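What follows is the content of target_1.pdb (PDB, C-alpha atoms and all ligand atoms).
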```
ATOM      1  CA  MET A   1      33.471   2.372-100.118
ATOM      2  CA  SER A   2      30.577   4.712-100.921
ATOM      3  CA  SER A   3      27.635   3.298-102.860
ATOM      4  CA  LEU A   4      28.311   5.306-106.055
ATOM      5  CA  SER A   5      32.078   5.221-106.008
ATOM      6  CA  GLY A   6      33.470   5.259-109.565
ATOM      7  CA  ARG A   7      30.130   6.134-111.155
ATOM      8  CA  VAL A   8      29.476   9.204-113.315
ATOM      9  CA  ALA A   9      26.222  11.141-113.093
ATOM     10  CA  LEU A  10      24.649  13.989-115.043
ATOM     11  CA  VAL A  11      21.990  16.049-113.274
ATOM     12  CA  THR A  12      20.110  18.488-115.493
ATOM     13  CA  GLY A  13      19.102  21.692-113.720
ATOM     14  CA  GLY A  14      21.580  21.128-110.917
ATOM     15  CA  SER A  15      22.146  24.771-110.001
ATOM     16  CA  ARG A  16      19.241  25.168-107.589
ATOM     17  CA  GLY A  17      16.494  23.388-105.690
ATOM     18  CA  ILE A  18      15.918  19.661-106.057
ATOM     19  CA  GLY A  19      18.606  19.221-108.739
ATOM     20  CA  ALA A  20      21.277  20.851-106.565
ATOM     21  CA  ALA A  21      20.362  18.593-103.623
ATOM     22  CA  ILE A  22      20.489  15.501-105.857
ATOM     23  CA  ALA A  23      23.848  16.481-107.359
ATOM     24  CA  LYS A  24      25.378  17.002-103.916
ATOM     25  CA  ARG A  25      23.956  13.747-102.576
ATOM     26  CA  LEU A  26      25.307  11.752-105.531
ATOM     27  CA  GLY A  27      28.718  13.379-104.977
ATOM     28  CA  GLN A  28      28.540  12.507-101.291
ATOM     29  CA  GLU A  29      27.904   8.894-102.302
ATOM     30  CA  GLY A  30      31.100   8.933-104.368
ATOM     31  CA  ALA A  31      29.918   9.726-107.903
ATOM     32  CA  SER A  32      31.590  12.252-110.185
ATOM     33  CA  VAL A  33      28.855  14.671-111.175
ATOM     34  CA  ALA A  34      28.120  17.007-114.089
ATOM     35  CA  ILE A  35      25.329  19.531-113.690
ATOM     36  CA  THR A  36      23.609  21.687-116.270
ATOM     37  CA  TYR A  37      22.013  25.080-115.774
ATOM     38  CA  ALA A  38      20.246  27.638-117.949
ATOM     39  CA  SER A  39      21.394  30.952-116.459
ATOM     40  CA  SER A  40      22.567  30.436-112.831
ATOM     41  CA  LYS A  41      26.299  30.117-113.563
ATOM     42  CA  GLU A  42      27.474  31.206-110.117
ATOM     43  CA  LYS A  43      25.003  28.990-108.290
ATOM     44  CA  ALA A  44      26.057  26.040-110.449
ATOM     45  CA  GLU A  45      29.712  26.697-109.662
ATOM     46  CA  SER A  46      28.923  26.866-105.964
ATOM     47  CA  VAL A  47      27.139  23.481-106.164
ATOM     48  CA  ALA A  48      30.178  22.079-108.002
ATOM     49  CA  ARG A  49      32.505  23.267-105.229
ATOM     50  CA  SER A  50      30.278  21.528-102.636
ATOM     51  CA  ILE A  51      30.492  18.317-104.652
ATOM     52  CA  GLU A  52      34.279  18.546-105.019
ATOM     53  CA  ALA A  53      34.518  18.858-101.228
ATOM     54  CA  PHE A  54      33.505  15.169-101.127
ATOM     55  CA  GLY A  55      36.709  14.338-103.042
ATOM     56  CA  VAL A  56      35.013  13.642-106.399
ATOM     57  CA  ARG A  57      35.004  15.544-109.690
ATOM     58  CA  ALA A  58      32.326  18.036-110.657
ATOM     59  CA  VAL A  59      31.650  19.790-113.963
ATOM     60  CA  THR A  60      29.196  22.591-114.781
ATOM     61  CA  ILE A  61      27.663  22.903-118.261
ATOM     62  CA  GLN A  62      25.457  25.701-119.569
ATOM     63  CA  ALA A  63      22.725  23.961-121.564
ATOM     64  CA  ASP A  64      19.297  25.472-122.085
ATOM     65  CA  ALA A  65      16.724  22.696-122.182
ATOM     66  CA  ARG A  66      14.856  24.537-124.942
ATOM     67  CA  ALA A  67      17.713  23.746-127.357
ATOM     68  CA  PRO A  68      18.032  20.051-128.289
ATOM     69  CA  ASP A  69      21.594  20.509-129.572
ATOM     70  CA  ALA A  70      22.686  22.022-126.269
ATOM     71  CA  VAL A  71      21.124  19.142-124.346
ATOM     72  CA  ARG A  72      22.826  16.550-126.550
ATOM     73  CA  ARG A  73      26.131  18.373-126.205
ATOM     74  CA  ALA A  74      25.794  18.382-122.402
ATOM     75  CA  VAL A  75      25.468  14.598-122.383
ATOM     76  CA  ARG A  76      28.503  14.176-124.631
ATOM     77  CA  THR A  77      30.558  16.683-122.620
ATOM     78  CA  THR A  78      29.806  14.753-119.437
ATOM     79  CA  ALA A  79      31.041  11.493-120.943
ATOM     80  CA  GLU A  80      34.122  13.174-122.424
ATOM     81  CA  LYS A  81      35.142  15.097-119.325
ATOM     82  CA  LEU A  82      34.274  12.488-116.691
ATOM     83  CA  GLY A  83      35.100   9.371-118.702
ATOM     84  CA  SER A  84      31.680   7.686-118.910
ATOM     85  CA  LEU A  85      28.020   8.175-118.086
ATOM     86  CA  ASP A  86      26.230   5.794-115.728
ATOM     87  CA  ILE A  87      23.420   7.856-114.206
ATOM     88  CA  LEU A  88      21.195  10.459-115.865
ATOM     89  CA  ILE A  89      18.901  12.533-113.676
ATOM     90  CA  ASN A  90      16.361  14.404-115.809
ATOM     91  CA  ASN A  91      15.519  17.112-113.322
ATOM     92  CA  ALA A  92      15.472  20.469-115.176
ATOM     93  CA  GLY A  93      11.928  21.694-115.479
ATOM     94  CA  ILE A  94       9.649  24.659-115.137
ATOM     95  CA  GLY A  95       6.322  25.048-113.423
ATOM     96  CA  ARG A  96       3.779  27.555-114.612
ATOM     97  CA  ASN A  97       0.161  27.809-113.562
ATOM     98  CA  GLY A  98      -2.843  29.022-115.508
ATOM     99  CA  THR A  99      -6.334  27.910-116.376
ATOM    100  CA  ILE A 100      -7.184  26.835-119.918
ATOM    101  CA  GLN A 101      -8.477  30.323-120.699
ATOM    102  CA  ASP A 102      -5.056  31.850-119.855
ATOM    103  CA  TRP A 103      -2.636  29.676-121.777
ATOM    104  CA  SER A 104      -0.988  30.807-125.005
ATOM    105  CA  VAL A 105       0.193  28.269-127.565
ATOM    106  CA  ASP A 106       3.745  29.637-127.209
ATOM    107  CA  ASP A 107       3.749  28.963-123.454
ATOM    108  CA  PHE A 108       2.245  25.537-124.061
ATOM    109  CA  ASP A 109       5.063  24.699-126.496
ATOM    110  CA  MET A 110       7.717  26.009-124.107
ATOM    111  CA  MET A 111       6.451  23.805-121.281
ATOM    112  CA  LEU A 112       6.464  20.762-123.542
ATOM    113  CA  ASN A 113       9.931  21.549-124.905
ATOM    114  CA  ILE A 114      11.554  21.930-121.486
ATOM    115  CA  ASN A 115       9.619  19.377-119.437
ATOM    116  CA  ILE A 116       9.260  16.622-122.071
ATOM    117  CA  ARG A 117      11.353  17.081-125.218
ATOM    118  CA  ALA A 118      14.598  17.806-123.360
ATOM    119  CA  VAL A 119      14.084  14.671-121.244
ATOM    120  CA  PHE A 120      13.656  12.637-124.422
ATOM    121  CA  VAL A 121      16.728  14.173-126.082
ATOM    122  CA  ALA A 122      18.983  13.767-123.029
ATOM    123  CA  SER A 123      17.891  10.177-122.464
ATOM    124  CA  GLN A 124      18.271   9.210-126.120
ATOM    125  CA  GLU A 125      21.819  10.589-126.158
ATOM    126  CA  ALA A 126      22.702   9.138-122.740
ATOM    127  CA  VAL A 127      21.836   5.548-123.633
ATOM    128  CA  ARG A 128      24.525   5.692-126.328
ATOM    129  CA  PHE A 129      27.053   5.834-123.479
ATOM    130  CA  MET A 130      25.403   3.690-120.805
ATOM    131  CA  LYS A 131      26.450   0.142-119.999
ATOM    132  CA  PRO A 132      24.437  -2.490-118.124
ATOM    133  CA  GLY A 133      23.786  -1.079-114.660
ATOM    134  CA  GLY A 134      22.961   2.343-116.132
ATOM    135  CA  ARG A 135      20.238   4.412-114.536
ATOM    136  CA  ILE A 136      17.818   6.989-115.881
ATOM    137  CA  ILE A 137      15.870   8.754-113.157
ATOM    138  CA  ASN A 138      13.256  11.281-114.188
ATOM    139  CA  ILE A 139      11.895  13.906-111.855
ATOM    140  CA  GLY A 140       8.190  13.955-112.602
ATOM    141  CA  SER A 141       5.503  15.151-110.226
ATOM    142  CA  ILE A 142       2.478  13.863-108.343
ATOM    143  CA  GLY A 143       0.727  16.362-110.621
ATOM    144  CA  SER A 144       0.677  13.555-113.179
ATOM    145  CA  GLU A 145      -2.084  11.863-111.198
ATOM    146  CA  TYR A 146      -3.324  14.340-108.619
ATOM    147  CA  MET A 147      -4.854  17.811-109.058
ATOM    148  CA  PRO A 148      -5.678  19.580-105.785
ATOM    149  CA  ILE A 149      -6.292  23.075-107.242
ATOM    150  CA  GLU A 150      -7.054  24.770-110.567
ATOM    151  CA  GLY A 151      -4.402  25.970-113.021
ATOM    152  CA  GLY A 152      -2.125  22.933-113.148
ATOM    153  CA  SER A 153      -3.300  21.286-116.355
ATOM    154  CA  VAL A 154      -0.353  21.877-118.692
ATOM    155  CA  TYR A 155       2.250  21.178-116.023
ATOM    156  CA  ALA A 156       0.367  17.972-115.131
ATOM    157  CA  ALA A 157       0.237  16.997-118.806
ATOM    158  CA  THR A 158       4.016  17.313-119.084
ATOM    159  CA  LYS A 159       4.566  15.214-115.970
ATOM    160  CA  GLY A 160       2.017  12.646-117.147
ATOM    161  CA  ALA A 161       4.107  12.319-120.297
ATOM    162  CA  ILE A 162       7.163  11.642-118.145
ATOM    163  CA  ALA A 163       5.336   8.824-116.365
ATOM    164  CA  GLY A 164       4.474   7.297-119.748
ATOM    165  CA  LEU A 165       7.986   7.653-121.120
ATOM    166  CA  THR A 166       9.324   6.027-117.949
ATOM    167  CA  ARG A 167       7.179   2.928-118.385
ATOM    168  CA  GLY A 168       8.011   2.676-122.086
ATOM    169  CA  TRP A 169      11.745   3.184-121.668
ATOM    170  CA  ALA A 170      11.846   0.604-118.874
ATOM    171  CA  ARG A 171      10.658  -1.911-121.501
ATOM    172  CA  ASP A 172      12.961  -0.551-124.220
ATOM    173  CA  LEU A 173      16.078  -0.527-122.053
ATOM    174  CA  GLY A 174      15.489  -3.474-119.737
ATOM    175  CA  PRO A 175      17.264  -5.888-122.108
ATOM    176  CA  ALA A 176      20.294  -3.572-122.014
ATOM    177  CA  GLY A 177      20.368  -3.730-118.200
ATOM    178  CA  ILE A 178      19.428  -0.057-117.819
ATOM    179  CA  THR A 179      16.727   0.889-115.308
ATOM    180  CA  VAL A 180      14.358   3.832-115.791
ATOM    181  CA  ASN A 181      12.314   5.288-112.961
ATOM    182  CA  ASN A 182      10.238   8.365-112.241
ATOM    183  CA  VAL A 183      10.457  10.117-108.883
ATOM    184  CA  GLN A 184       7.293  12.141-108.361
ATOM    185  CA  PRO A 185       7.681  14.826-105.702
ATOM    186  CA  GLY A 186       4.805  16.609-104.040
ATOM    187  CA  ARG A 187       5.277  20.136-102.731
ATOM    188  CA  ILE A 188       8.964  20.780-102.114
ATOM    189  CA  ASP A 189      10.305  24.062-100.749
ATOM    190  CA  THR A 190      12.265  25.539-103.693
ATOM    191  CA  ASP A 191      12.243  28.723-105.790
ATOM    192  CA  MET A 192       9.544  27.064-107.931
ATOM    193  CA  THR A 193       7.194  26.446-105.017
ATOM    194  CA  PRO A 194       8.362  28.282-101.888
ATOM    195  CA  ALA A 195       6.893  27.062 -98.611
ATOM    196  CA  ASP A 196       5.950  30.681 -97.862
ATOM    197  CA  GLY A 197       4.537  31.375-101.360
ATOM    198  CA  PRO A 198       1.011  32.647-102.126
ATOM    199  CA  LEU A 199      -0.520  29.168-102.460
ATOM    200  CA  ALA A 200       1.255  27.626 -99.477
ATOM    201  CA  SER A 201      -1.396  28.051 -96.790
ATOM    202  CA  ARG A 202      -4.018  26.562 -99.123
ATOM    203  CA  ILE A 203      -1.807  23.628-100.066
ATOM    204  CA  ARG A 204      -0.197  22.785 -96.746
ATOM    205  CA  GLY A 205      -3.413  21.560 -95.122
ATOM    206  CA  SER A 206      -3.891  18.978 -97.887
ATOM    207  CA  ILE A 207      -0.549  17.322 -97.184
ATOM    208  CA  ALA A 208      -0.788  14.447 -94.689
ATOM    209  CA  LEU A 209       2.431  15.530 -92.992
ATOM    210  CA  GLN A 210       1.167  19.138 -92.989
ATOM    211  CA  ARG A 211       4.411  20.562 -94.357
ATOM    212  CA  TYR A 212       6.378  21.052 -97.548
ATOM    213  CA  GLY A 213       9.230  18.654 -98.205
ATOM    214  CA  CYS A 214      12.834  19.744 -98.593
ATOM    215  CA  PRO A 215      14.996  18.983-101.648
ATOM    216  CA  GLU A 216      17.186  16.599 -99.644
ATOM    217  CA  GLU A 217      14.153  14.364 -99.016
ATOM    218  CA  VAL A 218      13.802  13.876-102.759
ATOM    219  CA  ALA A 219      17.553  13.415-103.183
ATOM    220  CA  GLY A 220      17.510  10.499-100.712
ATOM    221  CA  LEU A 221      15.109   8.486-102.871
ATOM    222  CA  VAL A 222      17.051   9.347-106.018
ATOM    223  CA  ALA A 223      20.319   8.189-104.430
ATOM    224  CA  PHE A 224      18.674   4.904-103.443
ATOM    225  CA  LEU A 225      17.441   4.284-107.004
ATOM    226  CA  ALA A 226      20.844   5.254-108.432
ATOM    227  CA  GLY A 227      22.713   2.913-106.120
ATOM    228  CA  PRO A 228      23.166  -0.852-106.007
ATOM    229  CA  GLU A 229      20.056  -1.385-103.861
ATOM    230  CA  GLY A 230      17.868   0.008-106.643
ATOM    231  CA  SER A 231      19.005  -2.623-109.134
ATOM    232  CA  PHE A 232      15.648  -4.436-109.539
ATOM    233  CA  ILE A 233      13.412  -1.371-109.644
ATOM    234  CA  THR A 234      12.447  -0.192-113.115
ATOM    235  CA  GLY A 235       9.435   1.428-114.745
ATOM    236  CA  ALA A 236       8.252   2.662-111.352
ATOM    237  CA  ASN A 237       6.539   5.957-110.634
ATOM    238  CA  LEU A 238       7.440   6.632-107.010
ATOM    239  CA  ARG A 239       5.877   9.408-104.946
ATOM    240  CA  VAL A 240       7.747  11.431-102.354
ATOM    241  CA  ASP A 241       4.975  13.800-101.344
ATOM    242  CA  GLY A 242       4.398  13.698 -97.587
ATOM    243  CA  GLY A 243       1.092  11.966 -98.239
ATOM    244  CA  ALA A 244      -0.370  14.819-100.319
ATOM    245  CA  SER A 245      -1.977  12.402-102.751
ATOM    246  CA  VAL A 246      -3.167   9.622-100.437
TER     247      VAL A 246
HETATM  248  P1  LIG B 301      13.777  25.236-109.358
HETATM  249  O1  LIG B 301      13.027  26.283-110.108
HETATM  250  O2  LIG B 301      14.161  25.494-107.953
HETATM  251  O3  LIG B 301      15.114  24.849-110.174
HETATM  252  C1  LIG B 301      14.996  24.557-111.527
HETATM  253  C2  LIG B 301      16.316  24.049-112.073
HETATM  254  O4  LIG B 301      16.103  23.722-113.445
HETATM  255  C3  LIG B 301      17.412  25.088-112.031
HETATM  256  O5  LIG B 301      18.644  24.446-111.884
HETATM  257  C4  LIG B 301      17.284  25.753-113.405
HETATM  258  O6  LIG B 301      18.490  26.326-113.897
HETATM  259  C5  LIG B 301      16.916  24.556-114.261
HETATM  260  N1  LIG B 301      16.206  24.980-115.444
HETATM  261  C6  LIG B 301      15.036  25.669-115.534
HETATM  262  N2  LIG B 301      14.752  25.941-116.820
HETATM  263  C7  LIG B 301      15.776  25.439-117.545
HETATM  264  C8  LIG B 301      16.089  25.422-118.919
HETATM  265  N3  LIG B 301      15.305  26.010-119.839
HETATM  266  N4  LIG B 301      17.225  24.814-119.303
HETATM  267  C9  LIG B 301      18.055  24.233-118.403
HETATM  268  N5  LIG B 301      17.825  24.228-117.085
HETATM  269  C10 LIG B 301      16.696  24.831-116.670
HETATM  270  O7  LIG B 301      12.876  23.930-109.492
HETATM  271  P2  LIG B 301      12.704  22.685-108.513
HETATM  272  O8  LIG B 301      14.009  22.307-107.943
HETATM  273  O9  LIG B 301      11.565  22.947-107.635
HETATM  274  O10 LIG B 301      12.219  21.574-109.570
HETATM  275  C11 LIG B 301      13.096  20.609-110.122
HETATM  276  C12 LIG B 301      12.256  19.537-110.806
HETATM  277  O11 LIG B 301      11.365  18.970-109.854
HETATM  278  C13 LIG B 301      11.383  20.067-111.957
HETATM  279  O12 LIG B 301      11.341  19.124-112.988
HETATM  280  C14 LIG B 301      10.025  20.193-111.302
HETATM  281  O13 LIG B 301       8.977  20.113-112.242
HETATM  282  C15 LIG B 301      10.043  19.013-110.350
HETATM  283  N6  LIG B 301       9.095  19.134-109.251
HETATM  284  C16 LIG B 301       9.206  20.133-108.333
HETATM  285  C17 LIG B 301       8.299  20.210-107.307
HETATM  286  C18 LIG B 301       8.356  21.264-106.258
HETATM  287  O14 LIG B 301       7.433  21.308-105.416
HETATM  288  N7  LIG B 301       9.360  22.108-106.214
HETATM  289  C19 LIG B 301       7.193  19.238-107.187
HETATM  290  C20 LIG B 301       7.182  18.228-108.211
HETATM  291  C21 LIG B 301       8.109  18.187-109.185
HETATM  292  P3  LIG B 301      18.816  27.899-113.634
HETATM  293  O15 LIG B 301      19.164  28.009-112.180
HETATM  294  O16 LIG B 301      19.978  28.196-114.502
HETATM  295  O17 LIG B 301      17.589  28.656-113.978
END
```
Let me see the structure of the file written as structure tokens.
Amino acid sequence: MSSLSGRVALVTGGSRGIGAAIAKRLGQEGASVAITYASSKEKAESVARSIEAFGVRAVTIQADARAPDAVRRAVRTTAEKLGSLDILINNAGIGRNGTIQDWSVDDFDMMLNINIRAVFVASQEAVRFMKPGGRIINIGSIGSEYMPIEGGSVYAATKGAIAGLTRGWARDLGPAGITVNNVQPGRIDTDMTPADGPLASRIRGSIALQRYGCPEEVAGLVAFLAGPEGSFITGANLRVDGGASV
């Protein structure tokens, strides 16, 4: 029997990049999986077909993280369509760079709404459905504690908030038997931070392993935390960064 057989997971932002790799890995481990997306309908449907190939159910839900009602509805739809909700992966997020002189208040608010508020809303709704053994896994960033170049302040602030929420929710939800953890990737080769992007040559040398990670390397840690072997880990901020921040 696979480690997540019979479990139901929701992965926000599962249409591309790290979220898509996590959704597929959870499906491979036997979970039924719902994924949300903002605009990549076809990519989300393609991810769902890959998940169904493992013999489990997959559902795609359009839910823009900027809209709290849409996020709440996505959580409820998952539980209704797949019968329960055991695992929430708060992955949807945006990265935008700029020094303090460049940021507008509107962009600042948008970053906070997508990277923090939507995580709060999804988690608050999800715990209404979760039983003991439930898992919330946030995708933060090593940016919460490590700043190798200029321009990352607002992104880092949002991911620092995720680290704080993780610790607090671990306390809040521990008595209910629900674990809450924060996976903090370093540079991963996705549309957000392509390994051949403009900053790559500057960044690569600062990574101990001298390369960008791939989404599947993040998904492996997430699957471990979601599975039975992760049962006594909660409130942890775990780096998967190739040694970028050592
Ligand atoms: P990508 O840009 O490759 O994918 C982002 C995903 O989030 C897509 O599925 C996208 O949906 C979804 N998304 C974006 N905006 C919204 C929105 N407003 N509402 C709903 N969904 C949205 O990003 P990554 O895979 O690289 O990043 C995933 C997570 O990992 C993020 O939280 C990011 O901060 C974090 N991270 C990434 C790192 C990296 O190096 N790549 C490093 C550290 C952390 P759609 O396809 O519809 O646009």
Select from chain A every residue with an atom at most 7 Å from any atom of ligand LIG 301 (chain B), then for each give the shortest pair of atoms and their distance in Å to one decimal, using all atoms listed in the file, rows by chain and rising number, as a tab-separated table.
```
residue	atom	partner	partner_atom	distance
A:Thr12	CA	B:LIG301	N5	6.4
A:Gly13	CA	B:LIG301	O5	3.3
A:Gly14	CA	B:LIG301	O5	4.5
A:Ser15	CA	B:LIG301	O5	4.0
A:Arg16	CA	B:LIG301	O5	4.4
A:Gly17	CA	B:LIG301	O8	3.5
A:Ile18	CA	B:LIG301	O8	3.8
A:Gly19	CA	B:LIG301	O8	5.6
A:Ala20	CA	B:LIG301	O5	6.9
A:Thr36	CA	B:LIG301	N5	6.4
A:Tyr37	CA	B:LIG301	O16	3.9
A:Ala38	CA	B:LIG301	O16	3.5
A:Ser39	CA	B:LIG301	O16	3.7
A:Ser40	CA	B:LIG301	O16	3.8
A:Lys41	CA	B:LIG301	O16	6.7
A:Ala63	CA	B:LIG301	C9	5.6
A:Asp64	CA	B:LIG301	N4	3.5
A:Ala65	CA	B:LIG301	N4	3.6
A:Arg66	CA	B:LIG301	N3	5.3
A:Asn91	CA	B:LIG301	O12	4.6
A:Ala92	CA	B:LIG301	O4	3.7
A:Gly93	CA	B:LIG301	O12	3.6
A:Ile94	CA	B:LIG301	O13	5.4
A:Gly95	CA	B:LIG301	O13	5.7
A:Ile114	CA	B:LIG301	N3	5.8
A:Asn115	CA	B:LIG301	O12	6.7
A:Ile139	CA	B:LIG301	O12	5.4
A:Gly140	CA	B:LIG301	C21	5.4
A:Ser141	CA	B:LIG301	C20	4.0
A:Ile142	CA	B:LIG301	C20	6.4
A:Gln184	CA	B:LIG301	C20	6.1
A:Pro185	CA	B:LIG301	C20	4.3
A:Gly186	CA	B:LIG301	C19	4.7
A:Arg187	CA	B:LIG301	O14	3.6
A:Ile188	CA	B:LIG301	O14	3.7
A:Asp189	CA	B:LIG301	N7	5.9
A:Thr190	CA	B:LIG301	O2	4.7
A:Asp191	CA	B:LIG301	O2	4.3
A:Met192	CA	B:LIG301	O1	4.2
A:Thr193	CA	B:LIG301	N7	5.0
```
Set up a box along x, y and z of the file covering all listed atoms of stretch 225-239 of chain A, add 5 Å on every one of the six sides, and write the centre and edge lengths in Å to one decimal, as AutoDock Vina command-line options.
```
--center_x 14.5 --center_y 2.5 --center_z -109.3 --size_x 27.3 --size_y 23.8 --size_z 20.9
```
Could you state the separation of atom CA of A:Thr99 and atom CA of A:Leu112 in Å, given to one decimal place?
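These two atoms are separated by 16.3 Å.
Counting all atoms listed in the file, A:Pro175 has the following residues at most 12 Å away, ignoring those fewer than 5 positions along the same chain: Lys131, Pro132, Gly133, Gly134, Trp169, Ala170, Val180 and Thr234 of chain A.
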How would you write, as a PyMOL selection string, the residues chosen by the PyMOL selection byres (((chain A and resi 166) around 7) and not hetatm) on this structure?
chain A and resi 162-165+167-170+180-182+235
So which residues are close to (16.7, 14.2, -98.2), meaning at most 12 Å away in the file's coordinates with only C-alpha atoms counted, and can you show them as a ChimeraX atom specification?
/A:17-26,185,188,213-224,240
Using Å and a single decimal, report how far atom CA of A:Leu88 sits from atom CA of A:Asn113.
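Computing it gives 18.2 Å between the two atoms.
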Using all atoms listed in the file, collect all residues at a distance of at most 12 Å from (22.5, 5.7, -124.3) as written in the file, then present them as a count of residues only.
34
Could you please determine the separation between atom CA of A:Tyr146 and atom CA of A:Ala161 in Å, to one decimal place?
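If I compute the distance from atom CA of A:Tyr146 to atom CA of A:Ala161, I get 14.0 Å.
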With a distance cut-off of 8 Å and all atoms listed in the file, select the neighbouring residues of A:Thr60, excluding the residue or stretch itself and same-chain residues fewer than 6 positions from it, and output the selection as a list in words.
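The filter keeps Ala34, Ile35, Thr36, Tyr37, Ala44, Glu45 and Ala48 of chain A.
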Take the PyMOL selection byres (((chain A and resi 54-57) around 12) and not hetatm), run it mentally on this structure, and tell me the resulting residues as a compact mmCIF listing (two decimals) with C-alpha atoms, in the coordinates of the input.
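In the end it all went to part_19.txt:
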```
# COMPACT_ATOMS: atom_id res chain seq x y z
CA SER A 2 30.58 4.71 -100.92
CA LEU A 4 28.31 5.31 -106.06
CA SER A 5 32.08 5.22 -106.01
CA GLY A 6 33.47 5.26 -109.56
CA ARG A 7 30.13 6.13 -111.16
CA VAL A 8 29.48 9.20 -113.32
CA ALA A 9 26.22 11.14 -113.09
CA LEU A 10 24.65 13.99 -115.04
CA ALA A 23 23.85 16.48 -107.36
CA LYS A 24 25.38 17.00 -103.92
CA ARG A 25 23.96 13.75 -102.58
CA LEU A 26 25.31 11.75 -105.53
CA GLY A 27 28.72 13.38 -104.98
CA GLN A 28 28.54 12.51 -101.29
CA GLU A 29 27.90 8.89 -102.30
CA GLY A 30 31.10 8.93 -104.37
CA ALA A 31 29.92 9.73 -107.90
CA SER A 32 31.59 12.25 -110.18
CA VAL A 33 28.86 14.67 -111.18
CA ALA A 34 28.12 17.01 -114.09
CA ILE A 35 25.33 19.53 -113.69
CA VAL A 47 27.14 23.48 -106.16
CA ALA A 48 30.18 22.08 -108.00
CA ARG A 49 32.51 23.27 -105.23
CA SER A 50 30.28 21.53 -102.64
CA ILE A 51 30.49 18.32 -104.65
CA GLU A 52 34.28 18.55 -105.02
CA ALA A 53 34.52 18.86 -101.23
CA ALA A 58 32.33 18.04 -110.66
CA VAL A 59 31.65 19.79 -113.96
CA THR A 60 29.20 22.59 -114.78
CA THR A 78 29.81 14.75 -119.44
CA LYS A 81 35.14 15.10 -119.32
CA LEU A 82 34.27 12.49 -116.69
CA GLY A 83 35.10 9.37 -118.70
```
Can you work out which one of A:Pro194, A:Ser104, A:Ala118, A:Ile137 has the shortest atom-to-atom distance to A:Gly227, counting all atoms listed in the file?
A:Ile137
